[in-house]
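Visitor: Got query37.cif for you, mmCIF, C-alpha atoms:
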```cif
data_query
#
loop_
_atom_site.label_atom_id
_atom_site.label_comp_id
_atom_site.auth_asym_id
_atom_site.auth_seq_id
_atom_site.Cartn_x
_atom_site.Cartn_y
_atom_site.Cartn_z
CA MET Z 4 -31.60 -22.25 6.45
CA SER Z 5 -29.38 -20.23 4.12
CA LEU Z 6 -26.21 -18.40 5.15
CA ALA Z 7 -26.82 -15.57 2.69
CA ARG Z 8 -30.44 -15.15 3.79
CA ASP Z 9 -30.32 -15.88 7.51
CA VAL Z 10 -26.94 -14.73 8.87
CA THR Z 11 -27.00 -11.51 10.90
CA LEU Z 12 -24.39 -8.83 11.48
CA ARG Z 13 -24.71 -9.42 15.23
CA GLN Z 14 -23.73 -13.07 14.79
CA LEU Z 15 -20.72 -12.20 12.64
CA ARG Z 16 -19.55 -9.55 15.10
CA GLY Z 17 -19.94 -11.99 17.98
CA PHE Z 18 -17.85 -14.61 16.16
CA ALA Z 19 -15.13 -12.09 15.25
CA GLU Z 20 -15.02 -10.76 18.81
CA VAL Z 21 -14.63 -14.24 20.29
CA LEU Z 22 -11.52 -14.75 18.17
CA ARG Z 23 -10.26 -11.27 18.98
CA ARG Z 24 -10.74 -11.66 22.77
CA GLY Z 25 -9.95 -15.36 22.97
CA THR Z 26 -12.99 -16.30 25.07
CA ILE Z 27 -16.76 -16.16 24.86
CA ALA Z 28 -16.87 -14.30 28.16
CA GLY Z 29 -14.42 -11.69 26.91
CA ALA Z 30 -16.43 -11.18 23.73
CA ALA Z 31 -19.67 -10.88 25.71
CA GLU Z 32 -18.14 -8.22 27.95
CA ARG Z 33 -16.89 -6.24 24.97
CA LEU Z 34 -20.25 -6.46 23.17
CA HIS Z 35 -22.26 -5.71 26.34
CA VAL Z 36 -24.30 -8.92 26.10
CA THR Z 37 -24.39 -12.14 28.10
CA ALA Z 38 -22.05 -15.06 27.48
CA PRO Z 39 -24.99 -17.41 26.69
CA ALA Z 40 -26.14 -14.94 24.01
CA VAL Z 41 -22.73 -15.07 22.30
CA SER Z 42 -22.65 -18.85 22.63
CA THR Z 43 -26.07 -19.07 20.98
CA GLN Z 44 -24.90 -16.83 18.11
CA LEU Z 45 -21.92 -19.15 17.49
CA LYS Z 46 -24.08 -22.26 17.51
CA THR Z 47 -26.51 -20.64 15.06
CA LEU Z 48 -23.66 -19.69 12.73
CA GLU Z 49 -22.29 -23.25 12.84
CA ARG Z 50 -25.73 -24.62 11.92
CA LEU Z 51 -25.94 -22.16 9.03
CA VAL Z 52 -22.56 -23.15 7.57
CA GLY Z 53 -22.87 -26.80 8.55
CA ALA Z 54 -19.38 -27.00 10.07
CA PRO Z 55 -17.42 -26.02 13.23
CA LEU Z 56 -16.04 -22.47 13.22
CA LEU Z 57 -13.58 -22.68 16.12
CA ASP Z 58 -10.58 -24.93 16.69
CA ARG Z 59 -10.26 -25.49 20.45
CA SER Z 60 -7.44 -28.06 20.28
CA GLY Z 61 -4.66 -25.65 21.24
CA GLU Z 62 -4.10 -23.20 24.06
CA ALA Z 63 -5.73 -20.38 22.12
CA LEU Z 64 -8.90 -20.34 20.05
CA ARG Z 65 -8.30 -20.40 16.31
CA PRO Z 66 -10.69 -20.34 13.37
CA THR Z 67 -11.17 -23.53 11.40
CA GLU Z 68 -10.77 -23.29 7.63
CA VAL Z 69 -14.51 -22.63 7.34
CA GLY Z 70 -14.31 -20.15 10.22
CA ASP Z 71 -11.44 -18.31 8.57
CA GLU Z 72 -13.51 -17.88 5.40
CA LEU Z 73 -16.42 -16.52 7.43
CA LEU Z 74 -14.09 -14.19 9.33
CA ARG Z 75 -12.77 -12.71 6.06
CA THR Z 76 -16.35 -12.09 4.96
CA ALA Z 77 -17.18 -10.45 8.29
CA ARG Z 78 -14.22 -8.10 7.91
CA LEU Z 79 -15.25 -7.17 4.36
CA ILE Z 80 -18.75 -6.36 5.59
CA GLU Z 81 -17.38 -4.20 8.42
CA THR Z 82 -15.11 -2.38 5.96
CA ALA Z 83 -18.02 -1.78 3.59
CA LEU Z 84 -20.12 -0.38 6.43
CA MET Z 85 -17.31 1.95 7.53
CA ARG Z 86 -16.88 3.17 3.96
CA CYS Z 87 -20.61 3.75 3.70
CA ASP Z 88 -20.59 5.68 6.98
CA GLU Z 89 -17.71 7.88 5.81
CA ARG Z 90 -19.37 8.61 2.48
CA ILE Z 91 -22.73 9.38 4.05
CA GLY Z 92 -20.93 11.71 6.47
CA ALA Z 93 -19.27 13.49 3.55
CA LEU Z 94 -22.58 13.81 1.73
CA ARG Z 95 -24.35 15.15 4.82
CA ALA Z 96 -21.54 17.68 5.24
CA GLY Z 97 -22.29 18.97 1.73
CA ALA Z 98 -19.60 17.14 -0.23
CA ALA Z 99 -20.43 15.47 -3.53
CA GLY Z 100 -18.69 12.29 -2.39
CA LEU Z 101 -15.63 10.76 -0.78
CA VAL Z 102 -12.62 9.13 -2.42
CA ARG Z 103 -10.03 7.19 -0.43
CA LEU Z 104 -6.68 7.28 -2.22
CA GLY Z 105 -3.63 5.20 -1.32
CA VAL Z 106 -0.17 6.18 -2.61
CA VAL Z 107 3.10 4.29 -2.10
CA SER Z 108 5.78 6.10 -0.11
CA THR Z 109 7.80 7.04 -3.18
CA GLY Z 110 4.82 9.02 -4.44
CA LYS Z 111 4.60 11.27 -1.40
CA TYR Z 112 6.73 13.84 -3.22
CA PHE Z 113 3.98 14.52 -5.75
CA ALA Z 114 0.82 13.20 -4.02
CA PRO Z 115 0.05 16.38 -2.03
CA GLY Z 116 0.30 18.47 -5.20
CA LEU Z 117 -1.98 16.06 -7.02
CA VAL Z 118 -4.52 16.25 -4.19
CA ALA Z 119 -4.36 20.05 -4.25
CA ARG Z 120 -4.99 20.12 -8.01
CA PHE Z 121 -7.97 17.82 -7.65
CA ASN Z 122 -9.39 19.81 -4.74
CA ALA Z 123 -9.26 22.94 -6.88
CA ALA Z 124 -10.92 21.18 -9.82
CA ALA Z 125 -13.59 19.33 -7.79
CA PRO Z 126 -14.08 21.17 -4.49
CA GLY Z 127 -17.25 19.24 -3.70
CA ILE Z 128 -15.44 15.89 -3.43
CA THR Z 129 -13.57 14.97 -0.25
CA LEU Z 130 -10.28 13.14 -0.89
CA HIS Z 131 -8.66 11.12 1.91
CA LEU Z 132 -4.97 10.37 1.27
CA THR Z 133 -3.11 7.40 2.76
CA ILE Z 134 0.63 6.91 2.19
CA GLY Z 135 2.46 3.67 2.98
CA ASN Z 136 4.94 1.18 1.61
CA ARG Z 137 3.93 -1.05 -1.28
CA ASP Z 138 2.83 -4.00 0.86
CA ASP Z 139 0.66 -1.76 3.04
CA ILE Z 140 -1.08 -0.14 0.06
CA VAL Z 141 -1.66 -3.48 -1.69
CA GLU Z 142 -3.12 -4.90 1.52
CA ALA Z 143 -5.37 -1.86 1.97
CA LEU Z 144 -6.57 -2.16 -1.63
CA GLY Z 145 -7.32 -5.87 -1.24
CA ALA Z 146 -9.21 -5.20 2.01
CA ARG Z 147 -11.13 -2.39 0.25
CA ASP Z 148 -9.89 0.13 2.79
CA ILE Z 149 -9.02 2.40 -0.14
CA ASP Z 150 -10.82 2.96 -3.44
CA ILE Z 151 -7.90 3.77 -5.71
CA ALA Z 152 -4.13 3.34 -5.45
CA VAL Z 153 -1.22 5.00 -7.20
CA MET Z 154 1.89 2.81 -7.35
CA GLY Z 155 4.44 1.30 -9.67
CA ARG Z 156 4.15 -2.32 -10.80
CA PRO Z 157 0.52 -3.52 -10.38
CA PRO Z 158 0.09 -6.23 -7.71
CA GLU Z 159 0.04 -9.78 -9.06
CA ALA Z 160 -2.00 -11.17 -6.17
CA LEU Z 161 -5.05 -9.01 -6.89
CA ASP Z 162 -7.33 -8.79 -9.91
CA VAL Z 163 -7.03 -5.11 -10.75
CA VAL Z 164 -7.58 -2.56 -13.48
CA ALA Z 165 -4.33 -0.63 -14.00
CA ARG Z 166 -4.00 2.55 -16.06
CA ARG Z 167 -0.56 3.93 -16.89
CA LEU Z 168 0.00 7.48 -15.67
CA GLY Z 169 3.57 8.31 -16.66
CA PRO Z 170 7.25 7.29 -16.54
CA HIS Z 171 8.97 6.47 -13.27
CA PRO Z 172 12.78 6.31 -13.56
CA TYR Z 173 15.11 4.94 -10.85
CA VAL Z 174 18.73 6.10 -10.49
CA MET Z 175 21.74 5.21 -8.35
CA ILE Z 176 22.60 8.28 -6.30
CA ALA Z 177 25.81 9.38 -4.58
CA PRO Z 178 27.23 12.63 -3.16
CA PRO Z 179 28.94 14.89 -5.73
CA GLY Z 180 32.44 14.15 -4.46
CA HIS Z 181 32.06 10.38 -4.51
CA ARG Z 182 34.89 8.35 -6.10
CA LEU Z 183 32.46 6.90 -8.69
CA ALA Z 184 30.77 10.20 -9.54
CA GLY Z 185 33.07 11.15 -12.42
CA LEU Z 186 33.20 7.78 -14.18
CA GLU Z 187 31.57 7.47 -17.59
CA SER Z 188 30.60 3.88 -16.75
CA VAL Z 189 30.82 2.33 -13.29
CA PRO Z 190 32.16 -1.27 -13.34
CA ALA Z 191 29.95 -3.73 -11.50
CA ASP Z 192 32.80 -5.16 -9.38
CA ILE Z 193 33.71 -1.66 -8.16
CA LEU Z 194 30.09 -0.71 -7.55
CA LEU Z 195 29.42 -3.77 -5.39
CA GLN Z 196 32.19 -2.74 -3.00
CA GLU Z 197 29.97 0.13 -1.86
CA THR Z 198 27.49 0.20 1.03
CA PHE Z 199 23.91 0.35 -0.24
CA LEU Z 200 21.24 2.15 1.76
CA ALA Z 201 17.73 0.75 1.40
CA ARG Z 202 14.19 0.93 2.70
CA GLU Z 203 12.53 -1.79 4.76
CA ALA Z 204 11.45 -5.16 3.41
CA GLY Z 205 8.12 -4.72 1.62
CA SER Z 206 9.23 -1.56 -0.11
CA GLY Z 207 8.98 -1.70 -3.89
CA THR Z 208 12.16 0.39 -4.19
CA ARG Z 209 14.14 -2.10 -2.12
CA THR Z 210 12.85 -5.02 -4.18
CA LEU Z 211 13.95 -3.26 -7.36
CA MET Z 212 17.38 -2.41 -5.93
CA ILE Z 213 18.05 -6.02 -4.88
CA ARG Z 214 17.00 -7.23 -8.33
CA GLU Z 215 19.35 -4.78 -10.07
CA LEU Z 216 22.33 -5.49 -7.80
CA ASP Z 217 21.86 -9.23 -8.24
CA ARG Z 218 21.80 -8.68 -12.00
CA LEU Z 219 24.98 -6.62 -11.94
CA GLY Z 220 26.85 -8.92 -9.58
CA ASN Z 221 25.57 -12.29 -10.80
CA GLY Z 222 24.86 -13.33 -7.22
CA ARG Z 223 27.91 -11.71 -5.63
CA ALA Z 224 27.42 -10.56 -2.03
CA TYR Z 225 27.08 -6.86 -1.17
CA ARG Z 226 26.35 -4.84 1.95
CA VAL Z 227 22.90 -3.35 2.57
CA VAL Z 228 22.04 -1.03 5.46
CA GLU Z 229 18.33 -0.58 6.12
CA MET Z 230 16.88 2.85 6.82
CA ALA Z 231 13.40 3.99 7.75
CA SER Z 232 12.51 6.41 4.96
CA ASN Z 233 13.55 7.92 1.64
CA GLU Z 234 14.34 11.19 3.43
CA THR Z 235 16.72 9.41 5.80
CA ILE Z 236 18.38 7.66 2.88
CA LYS Z 237 18.85 10.94 0.99
CA GLN Z 238 20.45 12.61 4.00
CA ALA Z 239 22.66 9.59 4.66
CA VAL Z 240 23.86 9.52 1.03
CA MET Z 241 24.66 13.25 1.16
CA ALA Z 242 26.60 12.59 4.39
CA GLY Z 243 28.70 9.93 2.64
CA LEU Z 244 27.34 6.87 4.49
CA GLY Z 245 26.61 4.95 1.30
CA ILE Z 246 24.85 5.06 -2.06
CA ALA Z 247 21.29 4.13 -2.97
CA LEU Z 248 18.90 3.27 -5.76
CA LEU Z 249 15.94 5.63 -5.48
CA SER Z 250 13.15 6.97 -7.62
CA ALA Z 251 14.33 9.98 -9.60
CA HIS Z 252 11.07 11.63 -8.54
CA THR Z 253 12.19 11.26 -4.93
CA VAL Z 254 15.53 13.04 -5.51
CA HIS Z 255 14.72 15.40 -8.39
CA THR Z 256 15.25 18.53 -6.25
CA GLU Z 257 18.61 17.35 -4.87
CA LEU Z 258 19.81 16.34 -8.35
CA ALA Z 259 18.82 19.72 -9.78
CA GLU Z 260 20.58 21.57 -6.95
CA GLY Z 261 23.75 19.46 -7.24
CA LYS Z 262 23.44 17.99 -3.76
CA LEU Z 263 23.33 14.50 -5.27
CA VAL Z 264 24.50 12.97 -8.55
CA ALA Z 265 23.26 9.99 -10.55
CA LEU Z 266 25.99 7.41 -11.15
CA ALA Z 267 26.54 6.06 -14.66
CA VAL Z 268 25.74 2.43 -13.84
CA PRO Z 269 25.15 0.09 -16.82
CA GLY Z 270 21.45 -0.64 -17.20
CA LEU Z 271 20.40 2.46 -15.25
CA PRO Z 272 18.23 4.37 -15.02
CA VAL Z 273 15.64 1.63 -14.67
CA MET Z 274 12.48 2.90 -16.31
CA ARG Z 275 9.25 1.92 -14.60
CA HIS Z 276 5.82 3.53 -14.78
CA TRP Z 277 3.27 4.92 -12.40
CA PHE Z 278 -0.16 3.28 -12.46
CA LEU Z 279 -3.59 4.20 -11.16
CA ILE Z 280 -5.15 0.99 -9.85
CA HIS Z 281 -8.48 -0.22 -8.52
CA LEU Z 282 -9.97 -3.65 -7.97
CA ALA Z 283 -11.48 -5.16 -11.11
CA ASP Z 284 -14.66 -6.20 -9.30
CA GLU Z 285 -15.06 -2.85 -7.57
CA MET Z 286 -17.65 -0.56 -9.10
CA LEU Z 287 -16.20 2.90 -8.60
CA THR Z 288 -18.47 5.50 -7.05
CA PRO Z 289 -19.27 8.58 -9.14
CA ALA Z 290 -16.77 10.55 -7.03
CA ALA Z 291 -14.01 7.97 -7.53
CA THR Z 292 -14.76 7.93 -11.26
CA VAL Z 293 -14.34 11.71 -11.39
CA PHE Z 294 -10.98 11.41 -9.62
CA ARG Z 295 -9.80 8.59 -11.90
CA ASP Z 296 -10.69 10.52 -15.06
CA PHE Z 297 -9.11 13.70 -13.68
CA VAL Z 298 -5.77 12.00 -12.95
CA ILE Z 299 -5.67 10.15 -16.27
CA GLY Z 300 -6.49 13.40 -18.07
CA LEU Z 301 -3.40 15.07 -16.59
CA ASP Z 302 -1.25 12.70 -18.70
CA GLY Z 303 1.53 12.68 -16.10
CA ALA Z 304 1.72 16.49 -15.80
CA PHE Z 305 1.66 16.17 -11.99
CA LEU Z 306 4.92 14.15 -11.95
CA PRO Z 307 8.19 15.96 -11.17
CA ARG Z 308 10.35 16.71 -14.19
CA VAL Z 309 13.68 14.89 -14.07
#
```
Could you render the structure from this file as structure tokens?
Guide:
Amino acid sequence: MSLARDVTLRQLRGFAEVLRRGTIAGAAERLHVTAPAVSTQLKTLERLVGAPLLDRSGEALRPTEVGDELLRTARLIETALMRCDERIGALRAGAAGLVRLGVVSTGKYFAPGLVARFNAAAPGITLHLTIGNRDDIVEALGARDIDIAVMGRPPEALDVVARRLGPHPYVMIAPPGHRLAGLESVPADILLQETFLAREAGSGTRTLMIRELDRLGNGRAYRVVEMASNETIKQAVMAGLGIALLSAHTVHTELAEGKLVALAVPGLPVMRHWFLIHLADEMLTPAATVFRDFVIGLDGAFLPRV
């Protein structure tokens, strides 16, 4: 027998459900089959791979190393089927295709405008937009839950194709009346006395801020207060609760209106770039290819001017 030739989707779903429910009986109830049928599916899978799939030594069922590999494959197959279902639904509804786009949270200030421009240029293509922090978008890309991502630094853990879209500066922001606002150059020892407002762990902006503060302070301690979103951070900075390193594209309106100022910190602004990214082994659909070429052709024109 051959795993590639003989394994069935029903067997993989039965195995995944056993791990999800914790028992064969629970999986059978969820799948509306008998417990012996699920047990037979597991035994057949174990014969196909030639190794046990479940570790029953603890209180809860866990996959063996071989089982974990099979489970990852089962999830990829389920994801591919869901993507296929979505795309067929779009085609049956008259669309020329479906593109699933993931954008990191910092990009939410220009992503809707980019989607609107694409919708006007290619009305036959349905574009689904997902926004999340960097870790979430990288995970979604690796799981093939999205086709294309727009983010800063390309992920190191994935083999991707990354195309540069435009500059992405980061600035240290403060309210206009802040004690450091009028300085031509802010000394590091004075800066590190401030309270820094930051996003959650997993945010690319937070990672960059920590790196820059560590560089400026040579390991000196500083105070960080975590907040849920860039909007909350902006409002908190304007209220005088602290200062923050944020994307200039996130605060371009407030800077232009004088509600916030960029501090003259040595080494800032930090200049990063926006990238359009997809998996290297992923063959883009015709619709995704149209979207990729459209965005690259804009040459960064969709980015806010700072």
Visitor: For a quick check of understanding, using all atoms listed in the file, which of Z:Glu234, Z:His281, Z:Val69, Z:Ile213 has the smallest distance to Pro158 in chain Z?
Guide: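 Smallest distance to Pro158 in chain Z is found for Z:His281.
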Visitor: Of the candidates Z:Glu20, Z:Asp150, Z:Glu229, Z:Asp71, which one gets nearest to Thr292 in chain Z if we count all atoms listed in the file?
Guide: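 Nearest candidate to Thr292 in chain Z out of Z:Glu20, Z:Asp150, Z:Glu229, Z:Asp71: Z:Asp150.
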Visitor: For Arg223 in chain Z, list every protein, DNA or RNA residue within 10 Å, evaluated using only C-alpha atoms, and leave out those in the same chain fewer than 5 positions away; present the list as a PDB file with C-alpha atoms, keeping the file's coordinate frame.
Guide:
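Output below, filename part20.pdb:
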```
ATOM      1  CA  ASP Z 192      32.800  -5.160  -9.380  1.00  0.00           C
ATOM      2  CA  LEU Z 195      29.420  -3.770  -5.390  1.00  0.00           C
ATOM      3  CA  LEU Z 216      22.330  -5.490  -7.800  1.00  0.00           C
ATOM      4  CA  ASP Z 217      21.860  -9.230  -8.240  1.00  0.00           C
ATOM      5  CA  ARG Z 218      21.800  -8.680 -12.000  1.00  0.00           C
TER       6      ARG Z 218
END
```
Visitor: What does the distance from CA of Gly116 in chain Z to CA of Ile128 in chain Z come to in Å, to one decimal?
Guide: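 One can read the CA of Gly116 in chain Z to CA of Ile128 in chain Z distance as 16.0 Å.
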Visitor: Using all atoms listed in the file for the distances, tell me which of Z:Thr208, Z:Thr43, Z:Asn136, Z:Asn122 is nearest to His171 in chain Z.
Guide: Z:Thr208
Visitor: Determine, counting all atoms listed in the file, which protein, DNA and RNA residues have an atom within 6 Å of an atom of Val107 in chain Z; residues of the same chain fewer than 3 positions away are not included. Present the result as number ranges by chain.
Guide: Z: 110, 134-137, 154
Visitor: Restricting the calculation to only C-alpha atoms, which member of Z:Gly145, Z:Gly205, Z:Pro66, Z:Gly25 is positioned closest to Gly105 in chain Z?
Guide: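 Closest to Gly105 in chain Z, using only C-alpha atoms: Z:Gly145.
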Visitor: Just want the 12 Å neighbourhood of Met286 in chain Z, counted on only C-alpha atoms, with same-chain residues fewer than 2 positions away dropped. Output as a list in words.
Guide: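 Listed by chain and then number, they are Arg147, Asp150, Ile151, Val163, Val164, His281, Leu282, Ala283, Asp284, Thr288, Pro289, Ala290, Ala291 and Thr292 of chain Z.
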Visitor: Take the PyMOL selection byres ((chain Z and resi 131) around 6), apply it to the structure above, and return the hits as a list in words.
Guide: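 Given this file, the PyMOL selection byres ((chain Z and resi 131) around 6) evaluates to Arg103, Leu104, Leu130 and Leu132 of chain Z.
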Visitor: Taking C-alpha atoms for each residue, export the selection above as a CSV table (one decimal), keeping the file's coordinate frame.
Guide:
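Saved file part.csv follows:
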```csv
chain,number,residue,atom,x,y,z
Z,103,ARG,CA,-10.0,7.2,-0.4
Z,104,LEU,CA,-6.7,7.3,-2.2
Z,130,LEU,CA,-10.3,13.1,-0.9
Z,132,LEU,CA,-5.0,10.4,1.3
```
Visitor: Just checking: using all atoms listed in the file, which residue out of Z:Ile149, Z:Ala259, Z:Val52, Z:Ala83 ends up closest to Arg308 in chain Z?
Guide: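 When distances to Arg308 in chain Z are compared using all atoms listed in the file, the smallest one comes from Z:Ala259.
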Visitor: Can you pull out the residues contacting range 62-64 of chain Z? Cut-off 12 Å, using only C-alpha atoms, and skip same-chain residues under 5 positions away; I want them as a ChimeraX atom specification.
Guide: /Z:18-27,56-57,70-71
Visitor: Under the PyMOL selection byres ((chain Z and resi 242) around 12), which residues of this model are included? Write them out as a ChimeraX atom specification.
Guide: /Z:177-181,235-241,243-246,262-263
Visitor: Of the candidates Z:Gly29, Z:Arg167, Z:Ser108, Z:Ala38, which shows the shortest atom-to-atom distance to Leu301 in chain Z, using all atoms listed in the file?
Guide: Z:Arg167
Visitor: Could you pull out every residue with an atom within 10 Å of (22.1, 14.0, -12.1), file coordinates, counting all atoms listed in the file, and send them as an MDAnalysis selection string?
Guide: chainID Z and resid 174:177 179 184 251 254:255 257:267 309
Visitor: Could you write out as AutoDock Vina command-line options the box around range 27-42 of chain Z (axis-aligned, all atoms listed in the file, 4 Å on each side), with centre and edge lengths in Å to one decimal?
Guide:
```
--center_x -20.3 --center_y -12.3 --center_z 25.2 --size_x 19.7 --size_y 21.1 --size_z 13.9
```
Visitor: To one decimal place, how far is CA of Val153 in chain Z from CA of Val106 in chain Z in Å?
Guide: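 A separation of 4.9 Å between them.
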